[in-house]
Amino acid sequence: MTISVRRTAAVAAVAALSAALAACGGGTGTPDAGGRARMGASPAPSAPASAAPSTAGSAAPPASPRSSPSASPQAGAPGKAPTMAPGPGGLTPVFDRAKQRTDKTVALTFDADMTSDQGARAADGEHFDNPQLISTLRRLKVPSTVFMTGRWAEEYPDQAKSIGTDPNFEIANHSYSHHAFKSPCYGLPTLDEAAARADVDRAFEAFRKAGAVNTVPYFRFPGGCYDDQALRAISTAKVTAVQWDVVSGDAFAKDPDAVAEQVLAGVKPGSVVVMHCTRSAAPVTEEAIRTIVPELRKRGYRFVKVSDLIGK
């Protein structure tokens, strides 16, 4: 099966199953129909049905990075890390690939997904965590950014604290509930504007309660679905929305070699790769990493966190 066919199949599986975890890596987070340009972004792959395509307007110049006004890091509070200036009208800025496209750096990002109503499944033994993946990233010395839901941090507080106190990692916000901030979005329940803003705060609070320190002011929309209304809803959170330019296809994948091939074919200097940190729905990610990391290093790539890319 070709890479393009696999990518299409992965997106189709997301839509068909309406699965929260698959949605994270299936969307492209394209702008709304008004044609608002993504800031600091390279051209994205074709948008899935749930994301409205851009129809007009040329891309605006990338926004200049600015320093986060946050004080020294404390548990759960976003630490001082590079962010982007607000977009037109104060909208939350969006980042998906570094502006510096000659430096062979790449950020591997992992969505630690758990929706607010999946506690019963976890209690029945379903594993939404993947400690072996985290162990492999540590062993291979791969700096990484984990986009964590607050519900995941509540379910696995010891792991959240371990990841969030390890300088090899940074924890970014993936909402508390993993509900949609734009509709439609792979069948996810949709939050209204007030609930969306509160959901971001609730996730940071969950990180604080878990004892995570290495948190950053970055946010990834569940399903990658957003529009101007969603960007406006979270604008007062002072976060940078982080998307991706490489879809790993690891959600529900059974062949680690296919996942590795897709990542290796897509990575370019400054890329952000979206993967998952959830055993039950992304069972081959750790094995794929054991192929991806040495091969990219052989090609001259250096692994960095998202904060390193945004700081370029």
# chains A, B, ... in the order shown; residues from 1 in each chain; ligands from 1

$ closest_atom_pairs --of "stretch 204-293 of chain A" --to "stretch 71-94 of chain A" --cutoff "7 Å" --atoms "only C-alpha atoms" --output "CSV"
residue,atom,partner,partner_atom,distance
A:Phe204,CA,A:Gly76,CA,5.3
A:Glu205,CA,A:Gly76,CA,6.0
A:Phe207,CA,A:Gly76,CA,4.4
A:Arg208,CA,A:Gly76,CA,3.3
A:Gly211,CA,A:Ala75,CA,5.2
A:Ala212,CA,A:Ala75,CA,5.1
A:Val213,CA,A:Ala75,CA,4.3
A:Asn214,CA,A:Gly79,CA,6.8
A:Thr215,CA,A:Pro78,CA,4.8
A:Val216,CA,A:Pro78,CA,4.4
A:Pro217,CA,A:Pro78,CA,4.9
A:Leu231,CA,A:Thr92,CA,5.0
A:Arg232,CA,A:Leu91,CA,5.1
A:Ile234,CA,A:Thr92,CA,6.8
A:Ser235,CA,A:Thr92,CA,4.9
A:Val239,CA,A:Thr92,CA,6.8
A:Thr240,CA,A:Pro93,CA,5.4
A:Ala241,CA,A:Val94,CA,4.7
A:Val242,CA,A:Val94,CA,5.8

$ atom_distance --atom1 "atom CA of A:Val263" --atom2 "atom CA of A:Ile292"
7.4 Å

$ residues_around --residues "A:Pro167" --least-positions-apart "3" --cutoff "12 Å" --atoms "only C-alpha atoms" --output "mmCIF file with C-alpha atoms, in the first residue's frame"
data_model
loop_
_atom_site.group_PDB
_atom_site.id
_atom_site.type_symbol
_atom_site.label_atom_id
_atom_site.label_comp_id
_atom_site.auth_asym_id
_atom_site.auth_seq_id
_atom_site.Cartn_x
_atom_site.Cartn_y
_atom_site.Cartn_z
ATOM 1 C CA ARG A 138 14.382 8.413 27.406
ATOM 2 C CA LYS A 141 17.594 10.560 24.416
ATOM 3 C CA VAL A 142 14.874 12.075 22.220
ATOM 4 C CA PRO A 143 13.582 15.445 23.505
ATOM 5 C CA SER A 144 9.818 15.406 22.998
ATOM 6 C CA THR A 145 6.642 17.384 23.564
ATOM 7 C CA LYS A 161 4.510 14.004 37.158
ATOM 8 C CA SER A 162 7.349 11.803 35.890
ATOM 9 C CA ILE A 163 7.052 13.195 32.363
ATOM 10 C CA GLY A 164 6.501 16.722 33.632
ATOM 11 C CA GLU A 170 7.706 19.277 28.036
ATOM 12 C CA ILE A 171 3.966 18.971 28.624
ATOM 13 C CA ALA A 212 4.100 18.436 36.544
ATOM 14 C CA VAL A 213 6.563 21.328 36.272
ATOM 15 C CA ASN A 214 7.824 21.337 32.686
ATOM 16 C CA THR A 215 4.611 22.685 31.184
ATOM 17 C CA VAL A 304 14.077 19.049 19.557
ATOM 18 C CA LYS A 305 11.005 20.058 21.527
#

$ select_by_dssp --residues "stretch 197-308 of chain A" --states "strand (DSSP E)" --output "list in words"
Thr215, Val216, Pro217, Tyr218, Phe219, Thr240, Ala241, Val242, Val246, Val247, Ser271, Val272, Val273, Val274, Met275, His276, Arg302 and Phe303 of chain A

$ residues_around --residues "A:Thr102" --least-positions-apart "3" --cutoff "12 Å" --atoms "only C-alpha atoms" --output "PyMOL selection string"
chain A and resi 98-99+105-106+268-271+300-301+312
